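With mmCIF, C-alpha atoms inside, this is upload.cif:
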data_coords
#
loop_
_atom_site.label_atom_id
_atom_site.label_comp_id
_atom_site.auth_asym_id
_atom_site.auth_seq_id
_atom_site.Cartn_x
_atom_site.Cartn_y
_atom_site.Cartn_z
CA MET A 104 -13.56 10.00 -15.73
CA ARG A 105 -13.84 8.52 -12.26
CA ARG A 106 -11.84 10.26 -9.52
CA LEU A 107 -11.06 8.30 -6.37
CA ALA A 108 -9.14 9.43 -3.27
CA VAL A 109 -7.62 6.75 -1.01
CA ILE A 110 -7.47 8.26 2.44
CA ASN A 111 -7.08 7.81 6.18
CA GLN A 112 -5.57 10.29 8.60
CA LYS A 113 -3.71 7.42 10.28
CA GLY A 114 -0.49 6.14 8.74
CA GLY A 115 0.47 2.55 8.07
CA VAL A 116 -3.03 1.31 7.24
CA GLY A 117 -2.37 0.35 3.61
CA LYS A 118 -3.25 3.47 1.60
CA THR A 119 -0.22 3.42 -0.68
CA THR A 120 -0.36 -0.36 -1.11
CA THR A 121 -4.02 -0.08 -2.02
CA CYS A 122 -3.49 2.78 -4.44
CA ALA A 123 -0.66 1.01 -6.29
CA ASN A 124 -2.21 -2.45 -6.49
CA LEU A 125 -5.85 -1.46 -6.97
CA GLY A 126 -4.69 0.86 -9.76
CA ALA A 127 -2.69 -1.98 -11.30
CA ALA A 128 -5.64 -4.38 -11.05
CA LEU A 129 -7.90 -1.89 -12.84
CA ALA A 130 -5.26 -1.21 -15.52
CA LEU A 131 -4.74 -4.92 -16.16
CA SER A 132 -8.53 -5.21 -16.57
CA GLY A 133 -8.66 -2.74 -19.45
CA ARG A 134 -8.96 0.58 -17.60
CA ARG A 135 -6.71 3.58 -18.20
CA VAL A 136 -5.54 4.61 -14.74
CA VAL A 137 -3.52 7.59 -13.50
CA LEU A 138 -2.19 7.53 -9.95
CA VAL A 139 -1.37 10.81 -8.21
CA ASP A 140 1.13 10.77 -5.32
CA MET A 141 0.00 13.47 -2.88
CA ASP A 142 2.40 12.48 -0.10
CA ALA A 143 5.79 14.17 0.33
CA GLN A 144 7.24 10.84 1.49
CA ALA A 145 6.74 9.69 -2.14
CA ASN A 146 6.10 6.08 -1.13
CA LEU A 147 3.80 5.51 -4.09
CA THR A 148 6.46 6.86 -6.44
CA LEU A 149 9.08 4.53 -4.98
CA SER A 150 6.69 1.58 -5.03
CA LEU A 151 6.34 1.94 -8.80
CA ASN A 152 10.10 2.31 -9.38
CA ALA A 153 9.76 5.93 -10.45
CA ASP A 154 12.11 8.79 -9.65
CA ALA A 155 11.29 12.47 -9.46
CA PRO A 156 14.37 14.56 -8.67
CA PRO A 157 13.73 17.97 -7.09
CA GLY A 158 12.64 20.41 -9.75
CA SER A 159 11.29 17.76 -12.12
CA PRO A 160 7.58 17.61 -13.09
CA SER A 161 5.65 16.26 -10.12
CA THR A 162 2.61 16.83 -7.94
CA TYR A 163 4.41 19.82 -6.47
CA THR A 164 4.90 21.56 -9.81
CA VAL A 165 1.28 20.85 -10.76
CA LEU A 166 -0.02 22.50 -7.58
CA LEU A 167 2.22 25.52 -8.09
CA GLY A 168 1.20 25.85 -11.73
CA GLN A 169 4.74 25.31 -13.03
CA THR A 170 3.73 22.29 -15.15
CA THR A 171 0.45 20.97 -16.43
CA PHE A 172 -1.07 17.70 -15.27
CA ALA A 173 -0.34 16.12 -18.66
CA GLU A 174 3.33 17.17 -18.55
CA SER A 175 3.74 15.57 -15.12
CA THR A 176 2.32 12.13 -15.90
CA ARG A 177 4.70 9.30 -16.77
CA ASP A 178 4.33 5.68 -17.77
CA THR A 179 5.00 2.77 -15.43
CA SER A 180 5.96 -0.83 -16.12
CA THR A 181 2.25 -1.77 -16.16
CA LYS A 182 0.38 -1.02 -19.37
CA ASP A 183 -2.29 1.70 -19.04
CA LEU A 184 -1.04 2.62 -15.56
CA ARG A 185 0.50 6.09 -15.33
CA LEU A 186 1.78 8.12 -12.42
CA VAL A 187 2.14 11.73 -11.33
CA PRO A 188 5.11 11.32 -8.97
CA ALA A 189 6.02 13.20 -5.80
CA ASN A 190 9.28 14.23 -4.17
CA ILE A 191 10.52 16.04 -1.09
CA ASP A 192 9.58 19.42 -2.62
CA LEU A 193 5.96 18.62 -1.77
CA SER A 194 6.73 18.93 1.96
CA GLY A 195 6.85 22.74 1.62
CA ALA A 196 3.76 23.07 -0.55
CA GLU A 197 1.36 23.77 2.31
CA LEU A 198 3.43 26.75 3.49
CA GLU A 199 4.02 28.08 -0.03
CA LEU A 200 0.33 27.84 -0.90
CA ALA A 201 -1.00 29.18 2.40
CA ALA A 202 -1.85 32.57 0.88
CA ALA A 203 -2.80 31.32 -2.60
CA MET A 204 -6.26 32.19 -3.85
CA GLY A 205 -8.45 29.08 -4.09
CA ARG A 206 -5.66 26.91 -2.73
CA GLU A 207 -8.08 24.03 -1.99
CA HIS A 208 -9.02 23.70 -5.68
CA LEU A 209 -5.59 23.76 -7.34
CA MET A 210 -5.56 20.04 -8.19
CA LYS A 211 -9.18 20.15 -9.30
CA GLU A 212 -8.43 23.00 -11.72
CA ALA A 213 -5.35 21.20 -13.07
CA LEU A 214 -7.46 18.08 -13.76
CA ALA A 215 -10.17 20.14 -15.45
CA GLU A 216 -7.59 21.78 -17.71
CA TRP A 217 -6.17 18.33 -18.55
CA GLU A 218 -9.62 17.12 -19.58
CA ARG A 219 -10.27 20.20 -21.69
CA SER A 220 -6.93 19.92 -23.49
CA ALA A 221 -7.32 16.20 -24.28
CA PRO A 222 -7.47 15.33 -28.01
CA ALA A 223 -10.95 15.31 -29.43
CA GLY A 224 -10.43 11.92 -31.12
CA ASP A 225 -10.80 8.43 -29.70
CA GLY A 226 -14.56 8.80 -29.47
CA ALA A 227 -14.19 11.99 -27.38
CA ARG A 228 -13.15 9.92 -24.38
CA ALA A 229 -11.60 11.46 -21.31
CA PRO A 230 -7.80 11.15 -21.10
CA ALA A 231 -8.20 8.46 -18.41
CA ASP A 232 -10.88 6.22 -16.97
CA TYR A 233 -9.66 6.48 -13.37
CA VAL A 234 -7.63 9.05 -11.47
CA MET A 235 -6.63 7.84 -8.00
CA PHE A 236 -5.07 10.03 -5.31
CA ASP A 237 -2.76 8.56 -2.66
CA CYS A 238 -3.34 10.97 0.23
CA PRO A 239 -0.87 11.66 3.06
CA PRO A 240 -1.64 10.52 6.63
CA SER A 241 -3.13 13.87 7.61
CA LEU A 242 -6.02 16.13 6.71
CA GLY A 243 -3.95 19.12 5.63
CA LEU A 244 -3.97 21.10 2.40
CA LEU A 245 -2.66 18.24 0.26
CA SER A 246 -5.45 15.90 1.35
CA ILE A 247 -8.01 18.68 0.97
CA ASN A 248 -6.85 19.23 -2.62
CA ALA A 249 -7.30 15.54 -3.37
CA LEU A 250 -10.76 15.46 -1.78
CA ALA A 251 -11.83 18.59 -3.64
CA ALA A 252 -10.75 17.03 -6.95
CA ALA A 253 -12.23 13.59 -6.25
CA ASP A 254 -15.78 12.32 -6.67
CA GLU A 255 -15.41 9.33 -4.35
CA VAL A 256 -13.41 8.32 -1.29
CA LEU A 257 -12.02 4.89 -0.52
CA ILE A 258 -11.16 4.65 3.18
CA ALA A 259 -8.39 2.18 3.95
CA ILE A 260 -8.47 0.95 7.53
CA GLN A 261 -6.36 -1.46 9.51
CA THR A 262 -8.32 -3.99 11.58
CA GLU A 263 -6.96 -2.81 14.91
CA PHE A 264 -8.46 -0.87 17.80
CA LEU A 265 -6.60 2.42 17.28
CA ALA A 266 -7.49 2.52 13.59
CA LEU A 267 -11.15 2.05 14.49
CA GLN A 268 -11.06 4.97 16.91
CA GLY A 269 -10.49 7.59 14.20
CA MET A 270 -13.08 6.31 11.74
CA SER A 271 -16.07 8.22 13.08
CA LYS A 272 -14.10 11.49 13.14
CA LEU A 273 -12.90 10.94 9.58
CA VAL A 274 -16.45 10.36 8.36
CA GLU A 275 -17.57 13.58 10.10
CA ILE A 276 -14.82 15.54 8.33
CA LEU A 277 -15.78 14.02 4.97
CA GLN A 278 -19.39 15.06 5.53
CA LEU A 279 -18.25 18.58 6.37
CA LEU A 280 -16.12 18.75 3.23
CA LYS A 281 -19.04 17.54 1.15
CA LYS A 282 -21.23 20.28 2.58
CA ARG A 283 -18.78 23.15 2.21
CA LEU A 284 -16.25 22.20 -0.48
CA ASN A 285 -17.27 19.34 -2.76
CA PRO A 286 -20.98 18.40 -2.99
CA ARG A 287 -20.16 15.45 -5.31
CA LEU A 288 -18.04 13.67 -2.71
CA GLU A 289 -19.28 10.19 -1.76
CA ILE A 290 -17.78 7.24 0.11
CA ALA A 291 -17.06 4.51 -2.44
CA GLY A 292 -16.29 2.03 0.31
CA ILE A 293 -14.32 1.15 3.42
CA LEU A 294 -11.51 -1.31 2.74
CA PRO A 295 -10.14 -3.34 5.67
CA CYS A 296 -6.41 -3.95 5.13
CA LEU A 297 -3.75 -6.06 6.84
CA TYR A 298 -6.50 -8.43 7.97
CA ASP A 299 -5.50 -11.60 9.81
CA SER A 300 -8.50 -13.85 10.38
CA ARG A 301 -6.55 -15.87 12.96
CA LEU A 302 -6.63 -12.95 15.38
CA LYS A 303 -9.74 -12.51 17.50
CA LEU A 304 -9.14 -8.75 17.68
CA ALA A 305 -9.08 -8.45 13.86
CA ARG A 306 -12.35 -10.36 13.56
CA GLU A 307 -14.02 -8.24 16.25
CA VAL A 308 -12.85 -4.94 14.72
CA LEU A 309 -14.08 -6.02 11.27
CA ALA A 310 -17.47 -6.93 12.77
CA GLU A 311 -17.66 -3.52 14.49
CA ILE A 312 -16.84 -1.66 11.26
CA ARG A 313 -19.56 -3.55 9.43
CA ARG A 314 -22.03 -2.86 12.24
CA PHE A 315 -21.39 0.90 12.34
CA PHE A 316 -21.11 1.34 8.54
CA PRO A 317 -23.59 -1.15 7.06
CA GLY A 318 -23.35 -1.58 3.31
CA GLN A 319 -20.17 0.51 3.00
CA VAL A 320 -17.50 -2.04 3.95
CA LEU A 321 -16.13 -3.99 1.01
CA SER A 322 -16.88 -7.68 1.29
CA CYS A 323 -13.30 -8.84 0.59
CA PRO A 324 -10.76 -7.51 3.12
CA VAL A 325 -7.13 -7.46 2.06
CA ARG A 326 -5.37 -10.17 4.01
CA SER A 327 -2.01 -9.62 5.64
CA ASN A 328 0.49 -10.93 3.11
CA VAL A 329 4.28 -10.69 3.16
CA LYS A 330 4.40 -10.45 -0.65
CA LEU A 331 2.54 -7.14 -0.46
CA ALA A 332 5.26 -5.82 1.85
CA GLU A 333 8.08 -7.13 -0.33
CA ALA A 334 6.82 -5.88 -3.72
CA PRO A 335 7.61 -2.12 -3.20
CA SER A 336 11.26 -2.90 -2.44
CA PHE A 337 11.51 -4.27 -6.00
CA GLY A 338 9.57 -1.35 -7.50
CA LYS A 339 6.79 -3.68 -8.66
CA THR A 340 3.07 -4.09 -8.14
CA ILE A 341 1.89 -7.31 -6.54
CA PHE A 342 0.81 -8.59 -9.97
CA GLU A 343 4.34 -8.25 -11.32
CA TYR A 344 6.04 -9.55 -8.20
CA ALA A 345 3.77 -12.41 -7.06
CA GLY A 346 0.72 -12.71 -9.28
CA ASP A 347 -0.43 -15.95 -7.64
CA SER A 348 -0.26 -14.65 -4.07
CA ASN A 349 -3.15 -13.90 -1.73
CA GLY A 350 -2.40 -10.20 -2.08
CA ALA A 351 -2.88 -10.28 -5.85
CA GLN A 352 -6.13 -12.23 -5.51
CA ASP A 353 -7.45 -9.85 -2.86
CA TYR A 354 -6.78 -6.69 -4.87
CA LEU A 355 -8.33 -8.24 -7.95
CA ALA A 356 -11.46 -8.90 -5.85
CA VAL A 357 -11.36 -5.29 -4.58
CA ALA A 358 -11.13 -4.05 -8.18
CA ARG A 359 -14.24 -6.06 -9.09
CA GLU A 360 -16.17 -4.45 -6.22
CA ILE A 361 -14.98 -0.94 -7.09
CA ALA A 362 -15.90 -1.54 -10.74
CA HIS A 363 -19.54 -2.02 -9.71
CA GLY A 364 -19.70 1.77 -9.33
CA GLU A 365 -18.86 2.29 -13.01
CA GLN A 366 -22.55 2.03 -13.88
CA ARG A 367 -22.97 5.62 -12.68
CA TYR A 368 -20.55 6.87 -15.35
CA ALA A 369 -21.80 6.74 -18.93
CA GLU A 370 -18.27 6.87 -20.39
CA LEU A 371 -17.28 3.77 -18.39
CA ALA A 372 -20.28 1.64 -19.33
CA ASN A 373 -18.51 -0.18 -22.18
CA LEU A 374 -15.44 -1.23 -20.24
CA PRO A 375 -14.76 -4.98 -20.13
CA PRO A 376 -15.80 -6.86 -16.99
CA ILE A 377 -13.12 -7.76 -14.47
CA ALA A 378 -12.40 -11.47 -14.28
CA GLU A 379 -13.12 -13.44 -11.18
CA PRO A 380 -10.04 -14.02 -9.01
CA ALA A 381 -8.71 -17.54 -9.25
CA ALA A 382 -9.94 -19.84 -6.54
CA ALA A 383 -7.45 -20.86 -3.92
CA LYS A 384 -5.97 -24.28 -4.43
CA PRO A 385 -7.68 -26.79 -2.09
CA ARG A 386 -5.48 -28.58 0.35
CA ALA A 387 -5.26 -32.35 -0.09
CA THR A 388 -6.70 -34.27 2.83
CA THR A 389 -4.36 -37.21 2.39
CA GLY A 390 -1.07 -37.44 0.59
CA ARG A 391 0.04 -34.88 -2.02
CA PRO A 392 -1.30 -33.95 -5.46
CA ALA A 393 0.01 -36.16 -8.23
CA ALA A 394 1.58 -33.16 -10.00
CA GLU A 395 3.86 -32.39 -7.09
CA PRO A 396 6.98 -34.53 -6.67
CA ALA A 397 7.19 -36.41 -3.40
CA GLU A 398 9.80 -35.20 -0.97
CA PRO A 399 12.80 -37.55 -0.57
CA PRO A 400 12.81 -39.54 2.69
CA LEU A 401 14.86 -38.15 5.50
CA PRO A 402 18.15 -39.99 6.13
CA THR A 403 18.34 -42.28 9.13
CA VAL A 404 20.36 -40.77 11.94
CA VAL A 405 22.25 -43.21 14.22
CA LEU A 406 22.96 -41.77 17.63
CA GLN A 407 26.46 -42.52 18.95
CA PRO A 408 27.46 -42.30 22.62
CA ALA A 409 29.11 -39.00 23.40
CA PRO A 410 32.91 -39.12 23.87
CA PRO A 411 34.25 -38.47 27.38
CA PRO A 412 34.56 -34.77 28.09
CA ALA A 413 37.93 -33.29 27.32
CA LYS A 414 40.07 -32.09 30.13
CA SER A 415 39.27 -28.52 30.89
CA SER A 416 41.94 -26.09 29.84
CA ASP A 417 41.67 -24.16 33.09
CA GLU A 418 42.79 -27.12 35.29
CA LEU A 419 46.20 -26.49 36.89
CA PRO A 420 49.04 -28.94 36.12
CA THR A 421 50.46 -31.15 38.87
CA LEU A 422 53.07 -29.28 40.93
CA PRO A 423 56.61 -30.73 41.24
CA SER A 424 57.61 -32.18 44.64
CA ASN A 425 60.05 -29.37 45.45
CA ALA A 426 57.75 -26.54 44.43
CA PHE A 427 57.12 -25.29 47.96
CA GLU A 428 60.81 -25.47 48.85
CA VAL A 429 61.59 -23.17 45.93
CA LEU A 430 58.86 -20.74 46.95
CA GLU A 431 60.10 -20.69 50.56
CA GLY A 432 63.56 -19.76 49.26
CA TYR A 433 62.11 -16.68 47.58
CA ALA A 434 60.10 -15.74 50.67
CA ARG A 435 63.00 -16.24 53.19
CA PRO A 436 64.51 -12.85 54.14
CA ARG A 437 68.09 -12.33 53.08
#
Translate the structure of the given file into structure tokens.
Amino acid sequence: MRRLAVINQKGGVGKTTTCANLGAALALSGRRVVLVDMDAQANLTLSLNADAPPGSPSTYTVLLGQTTFAESTRDTSTKDLRLVPANIDLSGAELELAAAMGREHLMKEALAEWERSAPAGDGARAPADYVMFDCPPSLGLLSINALAAADEVLIAIQTEFLALQGMSKLVEILQLLKKRLNPRLEIAGILPCLYDSRLKLAREVLAEIRRFFPGQVLSCPVRSNVKLAEAPSFGKTIFEYAGDSNGAQDYLAVAREIAHGEQRYAELANLPPIAEPAAAKPRATTGRPAAEPAEPPLPTVVLQPAPPPAKSSDELPTLPSNAFEVLEGYARPR
């Protein structure tokens, strides 16, 4: 079972979008995927149209030992894609677990128990092929639990200057965690998100990331795409909402790159290959493709001379000839 944490201590860089749509791309390609929402904002849960009322099985109850990992997983609208949801209860978990023994390994232990309790049939396979953690935008106890339970880290980064600033510090922290907490932890890749090739700044930041982290940056950045922003409001993945969009094609390409690491896992060796993303439709140099109907011609507009301006309503009417005589009568002392 491959365990992958999607992380960045900066918010708004595409972690939740990546977790939802990369997980969906892997599930649609024949992988059994479980997503774990580790953020109290529960954006991943909302993005997949799931609901976890306070007190219901969730990431919070798993960490506190109130429910098992298996009891907290639920199906989504995508086949082979399951979710451990989150809710607002998770916001108090760090305080409640501050004095807990081995608090950094609670999620790791819950996953290990889930693997041990899995049915022995089905060729003795693990209960899932992938477990992906959507980490909060911080490096607190919730993120530490995800990193302790994971084998690999996928760093989502926005191609902007401020996002680049925190990358070196994040890599230092990951190296420290590997040394002291989880020796198996490796960087699966750095994924540039919200990339707009029209912007010089985006191109320069992408070049800098590739220069400082050679061989670790995924070759296909996720382009900025409005469909990716719209899909969560409908509770759908990009493949359900707009399967022919750039966002869907980009995350399918990301899934193919991530799947290259399956060769290190014997239990994943027989999984089907991920199909190549469809090529973008070429633009016609002249005219339109024959399959598309021609647009009707625009109607001819005949310009008419403008009518004379209407008399302004604030113009005073003409005074009668005896107007001043009347006014003098009122002003004359009696």
Determine the residue set returned by the PyMOL selection byres ((chain A and resi 245) around 10) for the present structure, and present it as an NGL selection string. :A and (141-143 or 162-163 or 166 or 193-194 or 196-197 or 206-207 or 209-210 or 238-239 or 241-244 or 246-251)
Keeping only C-alpha atoms, write those residues as a short mmCIF file (atom, residue, chain, number, x, y, z; two decimals), in the frame of the given file.
data_model
loop_
_atom_site.label_atom_id
_atom_site.label_comp_id
_atom_site.auth_asym_id
_atom_site.auth_seq_id
_atom_site.Cartn_x
_atom_site.Cartn_y
_atom_site.Cartn_z
CA MET A 141 0.00 13.47 -2.88
CA ASP A 142 2.40 12.48 -0.10
CA ALA A 143 5.79 14.17 0.33
CA THR A 162 2.61 16.83 -7.94
CA TYR A 163 4.41 19.82 -6.47
CA LEU A 166 -0.02 22.50 -7.58
CA LEU A 193 5.96 18.62 -1.77
CA SER A 194 6.73 18.93 1.96
CA ALA A 196 3.76 23.07 -0.55
CA GLU A 197 1.36 23.77 2.31
CA ARG A 206 -5.66 26.91 -2.73
CA GLU A 207 -8.08 24.03 -1.99
CA LEU A 209 -5.59 23.76 -7.34
CA MET A 210 -5.56 20.04 -8.19
CA CYS A 238 -3.34 10.97 0.23
CA PRO A 239 -0.87 11.66 3.06
CA SER A 241 -3.13 13.87 7.61
CA LEU A 242 -6.02 16.13 6.71
CA GLY A 243 -3.95 19.12 5.63
CA LEU A 244 -3.97 21.10 2.40
CA SER A 246 -5.45 15.90 1.35
CA ILE A 247 -8.01 18.68 0.97
CA ASN A 248 -6.85 19.23 -2.62
CA ALA A 249 -7.30 15.54 -3.37
CA LEU A 250 -10.76 15.46 -1.78
CA ALA A 251 -11.83 18.59 -3.64
#
If we draw a sphere of 8 Å around (-20.6, 5.9, 7.3), which residues have at least one atom in it when counting all atoms listed in the file? Please report them as a PDB file with C-alpha atoms, keeping the file's coordinate frame.
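Saved result, part.pdb, follows:
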ATOM      1  CA  SER A 271     -16.070   8.220  13.080  1.00  0.00           C
ATOM      2  CA  VAL A 274     -16.450  10.360   8.360  1.00  0.00           C
ATOM      3  CA  ILE A 290     -17.780   7.240   0.110  1.00  0.00           C
ATOM      4  CA  PHE A 315     -21.390   0.900  12.340  1.00  0.00           C
ATOM      5  CA  PHE A 316     -21.110   1.340   8.540  1.00  0.00           C
ATOM      6  CA  PRO A 317     -23.590  -1.150   7.060  1.00  0.00           C
ATOM      7  CA  GLN A 319     -20.170   0.510   3.000  1.00  0.00           C
TER       8      GLN A 319
END
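The space between atom CA of A:Glu174 and atom CA of A:His208 spans 19.0 Å.
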Which residues would end up in the selection if the PyMOL selection byres ((chain A and resi 116) around 9) were applied here, given that I need the answer as a list in words? Asn111, Lys113, Gly114, Gly115, Gly117, Lys118, Thr119, Thr120, Ala259, Ile260, Gln261, Thr262, Ala266, Pro295, Cys296 and Leu297 of chain A
Quick one: write out the picked residues with C-alpha atoms as a PDB file, keeping the file's coordinate frame?
ATOM      1  CA  ASN A 111      -7.080   7.810   6.180  1.00  0.00           C
ATOM      2  CA  LYS A 113      -3.710   7.420  10.280  1.00  0.00           C
ATOM      3  CA  GLY A 114      -0.490   6.140   8.740  1.00  0.00           C
ATOM      4  CA  GLY A 115       0.470   2.550   8.070  1.00  0.00           C
ATOM      5  CA  GLY A 117      -2.370   0.350   3.610  1.00  0.00           C
ATOM      6  CA  LYS A 118      -3.250   3.470   1.600  1.00  0.00           C
ATOM      7  CA  THR A 119      -0.220   3.420  -0.680  1.00  0.00           C
ATOM      8  CA  THR A 120      -0.360  -0.360  -1.110  1.00  0.00           C
ATOM      9  CA  ALA A 259      -8.390   2.180   3.950  1.00  0.00           C
ATOM     10  CA  ILE A 260      -8.470   0.950   7.530  1.00  0.00           C
ATOM     11  CA  GLN A 261      -6.360  -1.460   9.510  1.00  0.00           C
ATOM     12  CA  THR A 262      -8.320  -3.990  11.580  1.00  0.00           C
ATOM     13  CA  ALA A 266      -7.490   2.520  13.590  1.00  0.00           C
ATOM     14  CA  PRO A 295     -10.140  -3.340   5.670  1.00  0.00           C
ATOM     15  CA  CYS A 296      -6.410  -3.950   5.130  1.00  0.00           C
ATOM     16  CA  LEU A 297      -3.750  -6.060   6.840  1.00  0.00           C
TER      17      LEU A 297
END
What residues come out when you apply the PyMOL selection byres ((chain A and resi 230) around 12) to this file, written as a PyMOL selection string? chain A and resi 104-105+134-137+172-173+176+183+185+214-229+231-234+370
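Nearest residue to A:Cys323 among A:Ala358, A:Leu284, A:Leu374, A:Leu167 is A:Ala358, counting all atoms listed in the file.
You will find atom CA of A:Leu280 at 13.3 Å from atom CA of A:Ala108.
Using all atoms listed in the file, the protein and nucleic acid residues lying no more than 10 Å from A:Ser348, apart from those fewer than 4 places from it along its own chain, are Asn328, Val329, Lys330, Leu331, Ile341, Phe342, Tyr344, Gln352, Asp353 and Ala383 of chain A.
As for atom CA of A:Leu355 and atom CA of A:Glu275, they are spaced 29.8 Å apart.
Checking A:Asp254, A:Asp140, A:Glu212, A:Glu307 one by one against A:Phe236, counting only C-alpha atoms, you find the shortest gap at A:Asp140.
Of the residues under consideration (A:Ser322, A:Thr181, A:Ser132, A:Gln144), A:Gln144 shows the shortest atom-to-atom contact distance to A:Pro240 when counting only C-alpha atoms.
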Quick one: residues within 9 Å of A:Leu321, only C-alpha atoms counted, chain neighbours fewer than 6 positions away excluded, as a PyMOL selection string? chain A and resi 292-295+357+360-361
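With only C-alpha atoms as the atoms that count, the minimum distance from A:Ala291 to the choices A:Ala202, A:Leu184, A:Val256, A:Val320 is reached by A:Val256.
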With all atoms of stretch 298-317 of chain A from the file as input, state the centre and edge lengths in Å to one decimal of the axis-aligned box that has 3 Å extra on each side, as AutoDock Vina command-line options.
--center_x -14.5 --center_y -7.3 --center_z 12.4 --size_x 24.1 --size_y 23.2 --size_z 16.6
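Comparing A:Gln112, A:Thr148, A:Thr171, A:Asn349 by their smallest distance to A:Gln268, the closest is A:Gln112 (using only C-alpha atoms).
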